[in-house]
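Raw target_22.pdb, PDB, C-alpha atoms and all ligand atoms:
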```
MODEL        1
ATOM      1  CA  MET A   2     -38.954 -44.042 -18.440  1.00  0.00           C
ATOM      2  CA  LYS A   3     -35.817 -46.124 -18.045  1.00  0.00           C
ATOM      3  CA  ILE A   4     -34.377 -47.989 -21.026  1.00  0.00           C
ATOM      4  CA  THR A   5     -32.010 -50.916 -20.528  1.00  0.00           C
ATOM      5  CA  PHE A   6     -30.190 -52.444 -23.481  1.00  0.00           C
ATOM      6  CA  LEU A   7     -30.610 -56.176 -22.875  1.00  0.00           C
ATOM      7  CA  GLY A   8     -28.663 -57.029 -26.021  1.00  0.00           C
ATOM      8  CA  THR A   9     -27.106 -55.058 -28.882  1.00  0.00           C
ATOM      9  CA  GLY A  10     -25.811 -57.799 -31.194  1.00  0.00           C
ATOM     10  CA  THR A  11     -26.921 -58.980 -34.597  1.00  0.00           C
ATOM     11  CA  SER A  12     -28.480 -62.398 -35.180  1.00  0.00           C
ATOM     12  CA  GLN A  13     -25.489 -64.531 -34.183  1.00  0.00           C
ATOM     13  CA  GLY A  14     -24.416 -62.315 -31.283  1.00  0.00           C
ATOM     14  CA  ILE A  15     -20.780 -61.449 -30.491  1.00  0.00           C
ATOM     15  CA  PRO A  16     -18.665 -63.525 -30.166  1.00  0.00           C
ATOM     16  CA  VAL A  17     -19.897 -65.689 -33.016  1.00  0.00           C
ATOM     17  CA  ILE A  18     -19.517 -69.355 -32.090  1.00  0.00           C
ATOM     18  CA  GLY A  19     -16.109 -70.670 -33.185  1.00  0.00           C
ATOM     19  CA  SER A  20     -14.973 -67.320 -34.623  1.00  0.00           C
ATOM     20  CA  THR A  21     -11.344 -66.211 -34.420  1.00  0.00           C
ATOM     21  CA  ASN A  22     -12.173 -62.669 -35.593  1.00  0.00           C
ATOM     22  CA  PRO A  23     -10.323 -60.195 -33.298  1.00  0.00           C
ATOM     23  CA  VAL A  24     -13.604 -58.526 -32.242  1.00  0.00           C
ATOM     24  CA  CYS A  25     -15.015 -61.925 -31.255  1.00  0.00           C
ATOM     25  CA  LEU A  26     -11.846 -62.558 -29.206  1.00  0.00           C
ATOM     26  CA  SER A  27     -11.868 -59.072 -27.588  1.00  0.00           C
ATOM     27  CA  VAL A  28     -11.708 -58.967 -23.793  1.00  0.00           C
ATOM     28  CA  ASP A  29     -13.582 -55.618 -23.674  1.00  0.00           C
ATOM     29  CA  SER A  30     -17.012 -56.382 -22.165  1.00  0.00           C
ATOM     30  CA  LYS A  31     -18.539 -53.836 -24.581  1.00  0.00           C
ATOM     31  CA  ASP A  32     -17.521 -56.114 -27.474  1.00  0.00           C
ATOM     32  CA  LYS A  33     -19.730 -58.905 -26.098  1.00  0.00           C
ATOM     33  CA  ARG A  34     -23.213 -58.527 -27.494  1.00  0.00           C
ATOM     34  CA  LEU A  35     -26.269 -60.684 -26.866  1.00  0.00           C
ATOM     35  CA  ARG A  36     -29.118 -60.627 -29.360  1.00  0.00           C
ATOM     36  CA  SER A  37     -30.897 -57.237 -29.580  1.00  0.00           C
ATOM     37  CA  SER A  38     -33.678 -56.423 -27.139  1.00  0.00           C
ATOM     38  CA  ILE A  39     -34.537 -53.641 -24.693  1.00  0.00           C
ATOM     39  CA  LEU A  40     -36.317 -53.405 -21.362  1.00  0.00           C
ATOM     40  CA  LEU A  41     -38.574 -50.393 -20.732  1.00  0.00           C
ATOM     41  CA  THR A  42     -39.598 -49.535 -17.186  1.00  0.00           C
ATOM     42  CA  TRP A  43     -41.677 -46.713 -15.731  1.00  0.00           C
ATOM     43  CA  GLN A  44     -43.704 -46.542 -12.507  1.00  0.00           C
ATOM     44  CA  ASP A  45     -44.444 -50.240 -11.862  1.00  0.00           C
ATOM     45  CA  TYR A  46     -44.520 -51.194 -15.539  1.00  0.00           C
ATOM     46  CA  ARG A  47     -41.917 -53.388 -17.201  1.00  0.00           C
ATOM     47  CA  PHE A  48     -42.066 -54.306 -20.892  1.00  0.00           C
ATOM     48  CA  VAL A  49     -39.509 -55.848 -23.216  1.00  0.00           C
ATOM     49  CA  ILE A  50     -39.233 -55.307 -26.949  1.00  0.00           C
ATOM     50  CA  ASP A  51     -38.372 -58.652 -28.596  1.00  0.00           C
ATOM     51  CA  CYS A  52     -37.528 -61.898 -26.934  1.00  0.00           C
ATOM     52  CA  GLY A  53     -34.553 -63.504 -28.655  1.00  0.00           C
ATOM     53  CA  PRO A  54     -32.560 -66.623 -27.788  1.00  0.00           C
ATOM     54  CA  ASP A  55     -30.670 -64.775 -24.996  1.00  0.00           C
ATOM     55  CA  PHE A  56     -33.861 -63.688 -23.182  1.00  0.00           C
ATOM     56  CA  ARG A  57     -33.295 -65.982 -20.166  1.00  0.00           C
ATOM     57  CA  GLN A  58     -29.736 -64.770 -19.658  1.00  0.00           C
ATOM     58  CA  GLN A  59     -30.846 -61.139 -20.090  1.00  0.00           C
ATOM     59  CA  MET A  60     -33.619 -61.439 -17.485  1.00  0.00           C
ATOM     60  CA  LEU A  61     -31.186 -63.044 -15.018  1.00  0.00           C
ATOM     61  CA  ARG A  62     -28.465 -60.445 -15.645  1.00  0.00           C
ATOM     62  CA  GLU A  63     -30.842 -57.516 -15.083  1.00  0.00           C
ATOM     63  CA  ASN A  64     -32.570 -59.179 -12.123  1.00  0.00           C
ATOM     64  CA  VAL A  65     -36.027 -58.861 -13.692  1.00  0.00           C
ATOM     65  CA  SER A  66     -38.618 -60.539 -11.475  1.00  0.00           C
ATOM     66  CA  ALA A  67     -41.745 -59.710 -13.498  1.00  0.00           C
ATOM     67  CA  ILE A  68     -42.724 -58.228 -16.847  1.00  0.00           C
ATOM     68  CA  ASP A  69     -46.056 -56.886 -18.064  1.00  0.00           C
ATOM     69  CA  GLY A  70     -45.691 -57.917 -21.688  1.00  0.00           C
ATOM     70  CA  VAL A  71     -43.485 -58.518 -24.720  1.00  0.00           C
ATOM     71  CA  ILE A  72     -43.726 -56.338 -27.839  1.00  0.00           C
ATOM     72  CA  PHE A  73     -42.432 -57.874 -31.052  1.00  0.00           C
ATOM     73  CA  THR A  74     -40.814 -56.129 -34.009  1.00  0.00           C
ATOM     74  CA  HIS A  75     -40.787 -59.109 -36.411  1.00  0.00           C
ATOM     75  CA  GLU A  76     -40.600 -62.869 -36.638  1.00  0.00           C
ATOM     76  CA  HIS A  77     -36.874 -63.563 -37.087  1.00  0.00           C
ATOM     77  CA  ALA A  78     -35.413 -66.043 -34.622  1.00  0.00           C
ATOM     78  CA  ASP A  79     -33.005 -63.520 -33.078  1.00  0.00           C
ATOM     79  CA  HIS A  80     -36.107 -61.549 -31.960  1.00  0.00           C
ATOM     80  CA  THR A  81     -38.461 -64.389 -31.005  1.00  0.00           C
ATOM     81  CA  ALA A  82     -36.598 -67.622 -30.191  1.00  0.00           C
ATOM     82  CA  GLY A  83     -36.568 -67.038 -26.412  1.00  0.00           C
ATOM     83  CA  LEU A  84     -40.329 -67.013 -26.051  1.00  0.00           C
ATOM     84  CA  ASP A  85     -40.437 -70.298 -24.107  1.00  0.00           C
ATOM     85  CA  ASP A  86     -38.537 -68.585 -21.292  1.00  0.00           C
ATOM     86  CA  ILE A  87     -41.483 -66.355 -20.341  1.00  0.00           C
ATOM     87  CA  ARG A  88     -42.560 -69.427 -18.317  1.00  0.00           C
ATOM     88  CA  PRO A  89     -41.420 -68.256 -14.863  1.00  0.00           C
ATOM     89  CA  PHE A  90     -43.347 -65.001 -15.372  1.00  0.00           C
ATOM     90  CA  CYS A  91     -46.499 -66.869 -16.499  1.00  0.00           C
ATOM     91  CA  HIS A  92     -46.313 -69.147 -13.456  1.00  0.00           C
ATOM     92  CA  LYS A  93     -46.402 -66.026 -11.248  1.00  0.00           C
ATOM     93  CA  THR A  94     -48.894 -63.816 -13.055  1.00  0.00           C
ATOM     94  CA  GLY A  95     -50.767 -65.905 -15.635  1.00  0.00           C
ATOM     95  CA  ASP A  96     -51.151 -65.224 -19.349  1.00  0.00           C
ATOM     96  CA  MET A  97     -48.361 -63.024 -20.702  1.00  0.00           C
ATOM     97  CA  PRO A  98     -49.631 -60.252 -22.989  1.00  0.00           C
ATOM     98  CA  LEU A  99     -47.773 -60.519 -26.308  1.00  0.00           C
ATOM     99  CA  TYR A 100     -48.028 -57.519 -28.652  1.00  0.00           C
ATOM    100  CA  ILE A 101     -47.607 -59.086 -32.084  1.00  0.00           C
ATOM    101  CA  PRO A 102     -47.648 -57.354 -35.483  1.00  0.00           C
ATOM    102  CA  GLU A 103     -50.658 -58.642 -37.419  1.00  0.00           C
ATOM    103  CA  ARG A 104     -48.508 -60.023 -40.257  1.00  0.00           C
ATOM    104  CA  ILE A 105     -46.630 -62.452 -37.967  1.00  0.00           C
ATOM    105  CA  VAL A 106     -49.407 -63.704 -35.663  1.00  0.00           C
ATOM    106  CA  THR A 107     -49.873 -66.930 -37.661  1.00  0.00           C
ATOM    107  CA  ASN A 108     -46.125 -67.456 -37.909  1.00  0.00           C
ATOM    108  CA  LEU A 109     -45.695 -67.319 -34.111  1.00  0.00           C
ATOM    109  CA  GLU A 110     -48.834 -69.400 -33.501  1.00  0.00           C
ATOM    110  CA  GLN A 111     -47.392 -72.138 -35.716  1.00  0.00           C
ATOM    111  CA  ARG A 112     -43.855 -72.043 -34.349  1.00  0.00           C
ATOM    112  CA  PHE A 113     -44.990 -71.924 -30.712  1.00  0.00           C
ATOM    113  CA  ASP A 114     -48.192 -73.932 -31.110  1.00  0.00           C
ATOM    114  CA  TYR A 115     -47.927 -75.403 -27.598  1.00  0.00           C
ATOM    115  CA  ILE A 116     -47.981 -71.891 -26.082  1.00  0.00           C
ATOM    116  CA  PHE A 117     -51.119 -70.845 -27.956  1.00  0.00           C
ATOM    117  CA  ALA A 118     -52.933 -74.235 -27.842  1.00  0.00           C
ATOM    118  CA  LYS A 119     -56.421 -74.016 -26.350  1.00  0.00           C
ATOM    119  CA  GLU A 120     -56.837 -77.779 -25.769  1.00  0.00           C
ATOM    120  CA  ASN A 121     -54.629 -80.579 -24.460  1.00  0.00           C
ATOM    121  CA  ARG A 122     -52.167 -78.090 -23.069  1.00  0.00           C
ATOM    122  CA  TYR A 123     -48.985 -79.359 -21.463  1.00  0.00           C
ATOM    123  CA  ARG A 124     -49.099 -78.369 -17.790  1.00  0.00           C
ATOM    124  CA  GLY A 125     -45.805 -76.470 -17.654  1.00  0.00           C
ATOM    125  CA  ALA A 126     -46.231 -74.641 -20.954  1.00  0.00           C
ATOM    126  CA  PRO A 127     -46.119 -70.842 -21.025  1.00  0.00           C
ATOM    127  CA  SER A 128     -49.475 -69.160 -21.497  1.00  0.00           C
ATOM    128  CA  ALA A 129     -50.037 -65.972 -23.433  1.00  0.00           C
ATOM    129  CA  SER A 130     -52.680 -63.608 -24.704  1.00  0.00           C
ATOM    130  CA  ILE A 131     -52.238 -62.041 -28.127  1.00  0.00           C
ATOM    131  CA  GLN A 132     -52.692 -58.310 -28.640  1.00  0.00           C
ATOM    132  CA  VAL A 133     -52.591 -57.743 -32.391  1.00  0.00           C
ATOM    133  CA  VAL A 134     -50.530 -54.699 -33.388  1.00  0.00           C
ATOM    134  CA  GLU A 135     -51.501 -52.807 -36.522  1.00  0.00           C
ATOM    135  CA  ASN A 136     -50.006 -49.548 -37.685  1.00  0.00           C
ATOM    136  CA  ASN A 137     -52.099 -47.594 -35.171  1.00  0.00           C
ATOM    137  CA  PRO A 138     -51.271 -46.250 -31.713  1.00  0.00           C
ATOM    138  CA  PHE A 139     -51.966 -48.582 -28.767  1.00  0.00           C
ATOM    139  CA  THR A 140     -51.587 -48.271 -25.012  1.00  0.00           C
ATOM    140  CA  LEU A 141     -49.088 -49.892 -22.675  1.00  0.00           C
ATOM    141  CA  GLY A 142     -49.972 -49.084 -19.086  1.00  0.00           C
ATOM    142  CA  ASP A 143     -50.591 -45.338 -19.128  1.00  0.00           C
ATOM    143  CA  LYS A 144     -48.451 -44.655 -22.206  1.00  0.00           C
ATOM    144  CA  ILE A 145     -49.311 -44.455 -25.891  1.00  0.00           C
ATOM    145  CA  VAL A 146     -47.121 -46.488 -28.240  1.00  0.00           C
ATOM    146  CA  LEU A 147     -46.811 -45.363 -31.831  1.00  0.00           C
ATOM    147  CA  PRO A 148     -45.820 -48.164 -34.239  1.00  0.00           C
ATOM    148  CA  ILE A 149     -43.382 -47.134 -36.982  1.00  0.00           C
ATOM    149  CA  GLU A 150     -43.598 -49.317 -40.091  1.00  0.00           C
ATOM    150  CA  PHE A 151     -40.529 -49.881 -42.309  1.00  0.00           C
ATOM    151  CA  MET A 152     -38.870 -52.406 -44.587  1.00  0.00           C
ATOM    152  CA  HIS A 153     -36.341 -55.043 -43.481  1.00  0.00           C
ATOM    153  CA  GLY A 154     -35.329 -56.282 -46.924  1.00  0.00           C
ATOM    154  CA  LYS A 155     -38.560 -57.587 -48.405  1.00  0.00           C
ATOM    155  CA  ILE A 156     -40.597 -57.771 -45.199  1.00  0.00           C
ATOM    156  CA  SER A 157     -42.503 -54.997 -43.520  1.00  0.00           C
ATOM    157  CA  ILE A 158     -41.776 -54.754 -39.787  1.00  0.00           C
ATOM    158  CA  PHE A 159     -42.399 -52.435 -36.834  1.00  0.00           C
ATOM    159  CA  GLY A 160     -40.365 -50.188 -34.607  1.00  0.00           C
ATOM    160  CA  TYR A 161     -41.980 -48.255 -31.779  1.00  0.00           C
ATOM    161  CA  ARG A 162     -42.093 -44.707 -30.425  1.00  0.00           C
ATOM    162  CA  ILE A 163     -43.059 -44.015 -26.801  1.00  0.00           C
ATOM    163  CA  ASP A 164     -43.008 -40.350 -25.771  1.00  0.00           C
ATOM    164  CA  ASP A 165     -39.791 -38.906 -27.233  1.00  0.00           C
ATOM    165  CA  PHE A 166     -38.006 -42.256 -27.423  1.00  0.00           C
ATOM    166  CA  ALA A 167     -37.985 -44.547 -30.487  1.00  0.00           C
ATOM    167  CA  TYR A 168     -36.572 -48.033 -31.017  1.00  0.00           C
ATOM    168  CA  LEU A 169     -35.984 -49.108 -34.621  1.00  0.00           C
ATOM    169  CA  THR A 170     -34.154 -52.350 -35.273  1.00  0.00           C
ATOM    170  CA  ASP A 171     -33.583 -54.396 -38.441  1.00  0.00           C
ATOM    171  CA  LEU A 172     -34.442 -51.355 -40.553  1.00  0.00           C
ATOM    172  CA  LYS A 173     -33.276 -51.110 -44.173  1.00  0.00           C
ATOM    173  CA  SER A 174     -35.604 -48.464 -45.627  1.00  0.00           C
ATOM    174  CA  ILE A 175     -38.404 -46.237 -44.347  1.00  0.00           C
ATOM    175  CA  SER A 176     -40.967 -44.103 -46.140  1.00  0.00           C
ATOM    176  CA  ASP A 177     -41.171 -40.333 -45.762  1.00  0.00           C
ATOM    177  CA  LEU A 178     -44.613 -40.744 -44.219  1.00  0.00           C
ATOM    178  CA  GLU A 179     -43.290 -42.963 -41.413  1.00  0.00           C
ATOM    179  CA  LYS A 180     -40.253 -40.685 -40.932  1.00  0.00           C
ATOM    180  CA  LYS A 181     -42.698 -37.908 -39.999  1.00  0.00           C
ATOM    181  CA  LYS A 182     -43.552 -39.891 -36.854  1.00  0.00           C
ATOM    182  CA  LEU A 183     -39.915 -39.621 -35.769  1.00  0.00           C
ATOM    183  CA  GLN A 184     -39.645 -35.855 -35.430  1.00  0.00           C
ATOM    184  CA  GLY A 185     -38.614 -34.239 -32.144  1.00  0.00           C
ATOM    185  CA  LEU A 186     -37.029 -37.305 -30.529  1.00  0.00           C
ATOM    186  CA  ASP A 187     -34.839 -37.067 -27.432  1.00  0.00           C
ATOM    187  CA  ILE A 188     -33.424 -40.553 -28.003  1.00  0.00           C
ATOM    188  CA  LEU A 189     -33.432 -42.638 -31.174  1.00  0.00           C
ATOM    189  CA  VAL A 190     -32.146 -46.210 -31.092  1.00  0.00           C
ATOM    190  CA  VAL A 191     -31.450 -47.535 -34.581  1.00  0.00           C
ATOM    191  CA  ASN A 192     -29.621 -50.508 -36.080  1.00  0.00           C
ATOM    192  CA  ALA A 193     -26.156 -50.250 -37.666  1.00  0.00           C
ATOM    193  CA  LEU A 194     -24.841 -53.644 -38.712  1.00  0.00           C
ATOM    194  CA  ARG A 195     -21.364 -53.006 -40.138  1.00  0.00           C
ATOM    195  CA  LYS A 196     -19.492 -50.591 -42.414  1.00  0.00           C
ATOM    196  CA  GLU A 197     -20.179 -52.420 -45.684  1.00  0.00           C
ATOM    197  CA  PRO A 198     -23.685 -52.208 -47.188  1.00  0.00           C
ATOM    198  CA  HIS A 199     -26.099 -55.070 -46.470  1.00  0.00           C
ATOM    199  CA  PRO A 200     -29.318 -56.017 -48.318  1.00  0.00           C
ATOM    200  CA  THR A 201     -31.593 -56.049 -45.260  1.00  0.00           C
ATOM    201  CA  HIS A 202     -29.909 -53.837 -42.618  1.00  0.00           C
ATOM    202  CA  LEU A 203     -28.601 -50.272 -42.448  1.00  0.00           C
ATOM    203  CA  SER A 204     -24.832 -49.938 -42.621  1.00  0.00           C
ATOM    204  CA  LEU A 205     -23.085 -47.511 -40.270  1.00  0.00           C
ATOM    205  CA  ASP A 206     -23.169 -44.739 -42.916  1.00  0.00           C
ATOM    206  CA  ASP A 207     -26.843 -45.454 -43.687  1.00  0.00           C
ATOM    207  CA  ALA A 208     -27.669 -45.157 -39.972  1.00  0.00           C
ATOM    208  CA  LEU A 209     -25.679 -41.924 -39.598  1.00  0.00           C
ATOM    209  CA  ASN A 210     -27.489 -40.447 -42.615  1.00  0.00           C
ATOM    210  CA  LEU A 211     -30.875 -41.337 -41.140  1.00  0.00           C
ATOM    211  CA  ILE A 212     -29.863 -39.825 -37.787  1.00  0.00           C
ATOM    212  CA  GLN A 213     -28.698 -36.671 -39.567  1.00  0.00           C
ATOM    213  CA  GLU A 214     -32.072 -36.456 -41.287  1.00  0.00           C
ATOM    214  CA  LEU A 215     -34.234 -37.134 -38.219  1.00  0.00           C
ATOM    215  CA  GLN A 216     -32.154 -34.955 -35.854  1.00  0.00           C
ATOM    216  CA  PRO A 217     -32.849 -36.683 -32.528  1.00  0.00           C
ATOM    217  CA  LYS A 218     -31.041 -35.096 -29.557  1.00  0.00           C
ATOM    218  CA  LYS A 219     -29.093 -38.331 -29.102  1.00  0.00           C
ATOM    219  CA  ALA A 220     -28.876 -41.571 -31.050  1.00  0.00           C
ATOM    220  CA  TYR A 221     -27.698 -45.025 -29.970  1.00  0.00           C
ATOM    221  CA  LEU A 222     -26.743 -47.788 -32.398  1.00  0.00           C
ATOM    222  CA  THR A 223     -27.734 -51.422 -31.931  1.00  0.00           C
ATOM    223  CA  HIS A 224     -27.999 -54.805 -33.761  1.00  0.00           C
ATOM    224  CA  ILE A 225     -24.248 -54.685 -34.315  1.00  0.00           C
ATOM    225  CA  SER A 226     -22.103 -57.295 -36.084  1.00  0.00           C
ATOM    226  CA  HIS A 227     -18.505 -58.132 -35.154  1.00  0.00           C
ATOM    227  CA  LYS A 228     -17.704 -56.779 -38.629  1.00  0.00           C
ATOM    228  CA  LEU A 229     -18.392 -53.213 -37.423  1.00  0.00           C
ATOM    229  CA  GLY A 230     -15.132 -53.318 -35.428  1.00  0.00           C
ATOM    230  CA  PHE A 231     -14.079 -52.806 -31.807  1.00  0.00           C
ATOM    231  CA  HIS A 232     -16.545 -50.798 -29.688  1.00  0.00           C
ATOM    232  CA  ALA A 233     -13.874 -48.414 -28.380  1.00  0.00           C
ATOM    233  CA  GLU A 234     -12.470 -47.663 -31.849  1.00  0.00           C
ATOM    234  CA  VAL A 235     -15.800 -47.223 -33.641  1.00  0.00           C
ATOM    235  CA  GLN A 236     -17.150 -44.977 -30.862  1.00  0.00           C
ATOM    236  CA  LYS A 237     -14.283 -42.515 -31.474  1.00  0.00           C
ATOM    237  CA  GLU A 238     -15.335 -42.109 -35.129  1.00  0.00           C
ATOM    238  CA  LEU A 239     -18.952 -41.161 -34.369  1.00  0.00           C
ATOM    239  CA  PRO A 240     -20.531 -37.674 -34.241  1.00  0.00           C
ATOM    240  CA  GLU A 241     -20.776 -36.242 -30.720  1.00  0.00           C
ATOM    241  CA  ASN A 242     -24.479 -37.063 -30.218  1.00  0.00           C
ATOM    242  CA  VAL A 243     -24.208 -40.652 -31.551  1.00  0.00           C
ATOM    243  CA  PHE A 244     -23.179 -43.572 -29.381  1.00  0.00           C
ATOM    244  CA  LEU A 245     -22.698 -47.278 -29.842  1.00  0.00           C
ATOM    245  CA  GLY A 246     -25.099 -49.146 -27.616  1.00  0.00           C
ATOM    246  CA  TYR A 247     -23.693 -51.885 -25.414  1.00  0.00           C
ATOM    247  CA  ASP A 248     -25.246 -54.627 -23.332  1.00  0.00           C
ATOM    248  CA  GLY A 249     -26.380 -53.347 -19.941  1.00  0.00           C
ATOM    249  CA  LEU A 250     -26.396 -49.657 -20.988  1.00  0.00           C
ATOM    250  CA  MET A 251     -29.159 -47.789 -19.164  1.00  0.00           C
ATOM    251  CA  LEU A 252     -30.760 -44.513 -20.281  1.00  0.00           C
ATOM    252  CA  GLU A 253     -33.479 -42.272 -18.884  1.00  0.00           C
ATOM    253  CA  VAL A 254     -35.892 -40.365 -21.052  1.00  0.00           C
TER
HETATM  254 ZN    ZN B 301     -32.410 -59.132 -36.130  1.00  0.00          ZN
HETATM  255 ZN    ZN B 302     -34.535 -59.542 -38.745  1.00  0.00          ZN
ENDMDL
END
```

With the file now loaded, output its structure as structure tokens.
Amino acid sequence: MKITFLGTGTSQGIPVIGSTNPVCLSVDSKDKRLRSSILLTWQDYRFVIDCGPDFRQQMLRENVSAIDGVIFTHEHADHTAGLDDIRPFCHKTGDMPLYIPERIVTNLEQRFDYIFAKENRYRGAPSASIQVVENNPFTLGDKIVLPIEFMHGKISIFGYRIDDFAYLTDLKSISDLEKKKLQGLDILVVNALRKEPHPTHLSLDDALNLIQELQPKKAYLTHISHKLGFHAEVQKELPENVFLGYDGLMLEV
């Protein structure tokens, strides 16, 4: 399976609009971060996890001509606001399968009512079929996906494990029971917002502690704020099997 980091930024992306913070003004391409999302490809399958406001730009940048579905982690706008841009894919292949955690189905149906409307549909609207995700394994193509449930502040959201790869974003705390599903990973992707603590996201130290506990072979950090610092400087401070993700980074597992 090939993993492409479509975006590795927190909710506002980097640079933040109008910001004069040095990281926002950096000319290093690794300091430019679109909203967090990944593309997973194997055989002829192509799936994305989350579909934020930069989805269109991400699909164009990576030359993606078709996808087989979108898997959502939670309802926040930085993970869902690009949903209208599945249109070109729907026009080619029909209803787009959307894998939506049960808790947020109604939320997305209300916010994107024109996509899910059964009657009086606007002709150009995207069309989708909902696959409800509960905390049970489900299949994508010929692979089994294991949802991982954890807390993002006060809301319960999902990350996903496929084979020995796991993608956890917007995590703040996770139960011991769910941690058991994360043993024996080759690659763990996990969020690390900034150095200071935050009420709904892991800080860099929090993320490093979780990595230390779960012992994946390699870990990549995502959902990064400009407050974390310059990519090149922060990377130097990390343990040897931990890397800062960056937009366009590609991994094989
Ligand atoms: Zn987020
Ligand atoms: Zn969030």

task: Apply the PyMOL selection byres (((chain A and resi 200-217) around 8) and not hetatm) to the displayed file and report the matching residues as an MDAnalysis selection string.
output: chainID A and resid 153:155 171:174 180 183:189 191:199 218:220 229

query: Counting all atoms listed in the file, what is within 7 Å of segment 29-37 of chain A, bar same-chain residues fewer than 3 positions away, as number ranges by chain?
result: A: 7-12, 14-16, 24, 53, 55, 79, 224, 231-232, 247-248

- request: Could you tell me which residues the PyMOL selection byres (((chain A and resi 103) around 8) and not hetatm) returns for this structure, as a ChimeraX atom specification?
  value: /A:101-102,104-106,133-135

Selection dump of the PyMOL selection byres (((chain A and resi 56) around 10) and not hetatm), as a PDB file with C-alpha atoms, keeping the file's coordinate frame:
```pdb
ATOM      1  CA  LEU A   7     -30.610 -56.176 -22.875  1.00  0.00           C
ATOM      2  CA  GLY A   8     -28.663 -57.029 -26.021  1.00  0.00           C
ATOM      3  CA  LEU A  35     -26.269 -60.684 -26.866  1.00  0.00           C
ATOM      4  CA  ARG A  36     -29.118 -60.627 -29.360  1.00  0.00           C
ATOM      5  CA  SER A  37     -30.897 -57.237 -29.580  1.00  0.00           C
ATOM      6  CA  SER A  38     -33.678 -56.423 -27.139  1.00  0.00           C
ATOM      7  CA  VAL A  49     -39.509 -55.848 -23.216  1.00  0.00           C
ATOM      8  CA  ASP A  51     -38.372 -58.652 -28.596  1.00  0.00           C
ATOM      9  CA  CYS A  52     -37.528 -61.898 -26.934  1.00  0.00           C
ATOM     10  CA  GLY A  53     -34.553 -63.504 -28.655  1.00  0.00           C
ATOM     11  CA  PRO A  54     -32.560 -66.623 -27.788  1.00  0.00           C
ATOM     12  CA  ASP A  55     -30.670 -64.775 -24.996  1.00  0.00           C
ATOM     13  CA  ARG A  57     -33.295 -65.982 -20.166  1.00  0.00           C
ATOM     14  CA  GLN A  58     -29.736 -64.770 -19.658  1.00  0.00           C
ATOM     15  CA  GLN A  59     -30.846 -61.139 -20.090  1.00  0.00           C
ATOM     16  CA  MET A  60     -33.619 -61.439 -17.485  1.00  0.00           C
ATOM     17  CA  LEU A  61     -31.186 -63.044 -15.018  1.00  0.00           C
ATOM     18  CA  ARG A  62     -28.465 -60.445 -15.645  1.00  0.00           C
ATOM     19  CA  ASP A  79     -33.005 -63.520 -33.078  1.00  0.00           C
ATOM     20  CA  HIS A  80     -36.107 -61.549 -31.960  1.00  0.00           C
ATOM     21  CA  THR A  81     -38.461 -64.389 -31.005  1.00  0.00           C
ATOM     22  CA  ALA A  82     -36.598 -67.622 -30.191  1.00  0.00           C
ATOM     23  CA  GLY A  83     -36.568 -67.038 -26.412  1.00  0.00           C
ATOM     24  CA  LEU A  84     -40.329 -67.013 -26.051  1.00  0.00           C
ATOM     25  CA  ASP A  85     -40.437 -70.298 -24.107  1.00  0.00           C
ATOM     26  CA  ASP A  86     -38.537 -68.585 -21.292  1.00  0.00           C
ATOM     27  CA  ILE A  87     -41.483 -66.355 -20.341  1.00  0.00           C
TER      28      ILE A  87
END
```

message: Given only C-alpha atoms as the basis, pick out the residue of A:Gly19, A:Gly249, A:Pro240, A:Gly125 nearest to Asn64 of chain A.
response: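 Nearest candidate to Asn64 of chain A out of A:Gly19, A:Gly249, A:Pro240, A:Gly125: A:Gly249.
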
statement: In Å and to one decimal, atom CA of Ile149 of chain A is distant from atom CA of Tyr100 of chain A by 14.1 Å

- request: Rounded to one decimal place, report the atom CA of Pro138 of chain A-atom CA of Gln111 of chain A distance in Å.
  value: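 Spanning atom CA of Pro138 of chain A to atom CA of Gln111 of chain A is a straight-line distance of 26.5 Å.
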
field: Length of the atom CA of Tyr46 of chain A to atom CA of Cys91 of chain A vector [Å]
entry: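 Distance between the two atoms: 15.8 Å.
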
Excluding Leu41 of chain A and its own-chain neighbours fewer than 5 positions away, which residues fall within 8 Å of it when counting all atoms listed in the file? Please give them as an mmCIF file with C-alpha atoms, in the frame of the given file.
```cif
data_model
loop_
_atom_site.group_PDB
_atom_site.id
_atom_site.type_symbol
_atom_site.label_atom_id
_atom_site.label_comp_id
_atom_site.auth_asym_id
_atom_site.auth_seq_id
_atom_site.Cartn_x
_atom_site.Cartn_y
_atom_site.Cartn_z
ATOM 1 C CA MET A 2 -38.954 -44.042 -18.440
ATOM 2 C CA LYS A 3 -35.817 -46.124 -18.045
ATOM 3 C CA ILE A 4 -34.377 -47.989 -21.026
ATOM 4 C CA THR A 5 -32.010 -50.916 -20.528
ATOM 5 C CA TYR A 46 -44.520 -51.194 -15.539
ATOM 6 C CA ARG A 47 -41.917 -53.388 -17.201
ATOM 7 C CA PHE A 48 -42.066 -54.306 -20.892
ATOM 8 C CA VAL A 49 -39.509 -55.848 -23.216
ATOM 9 C CA ILE A 50 -39.233 -55.307 -26.949
#
```

statement: Across A:Ile116, A:Leu169, A:Ile39, A:Ile18, the smallest distance to Phe6 of chain A, with all atoms listed in the file counted, is shown by A:Ile39

Edge lengths and centre in Å to one decimal, as JSON, of the axis-aligned box that encloses all listed atoms of segment 246-251 of chain A with 4 Å added on every side?
```
{"center_x": -26.4, "center_y": -51.2, "center_z": -23.4, "size_x": 13.5, "size_y": 14.8, "size_z": 16.5}
```

field: A:Asn121, A:Asn22, A:Thr74, A:Gln236 ranked by distance to ligand ZN 301 (chain B), top pick (using only C-alpha atoms and all ligand atoms)
entry: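 For ligand ZN 301 (chain B), the nearest of the candidates is A:Thr74.
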
field: 8 Å contact set for Ser128 of chain A, all atoms listed in the file, chain neighbours under 3 positions out, as a list in words
entry: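 After dropping sequence-adjacent residues, the list is Arg88, Cys91, Gly95, Asp96, Met97, Ile116 and Phe117 of chain A.
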
query: Skipping near chain neighbours, those fewer than 4 positions away, what residues fall within 9 Å of Val146 of chain A using all atoms listed in the file, listed as a PyMOL selection string?
result: chain A and resi 137-141+161-164
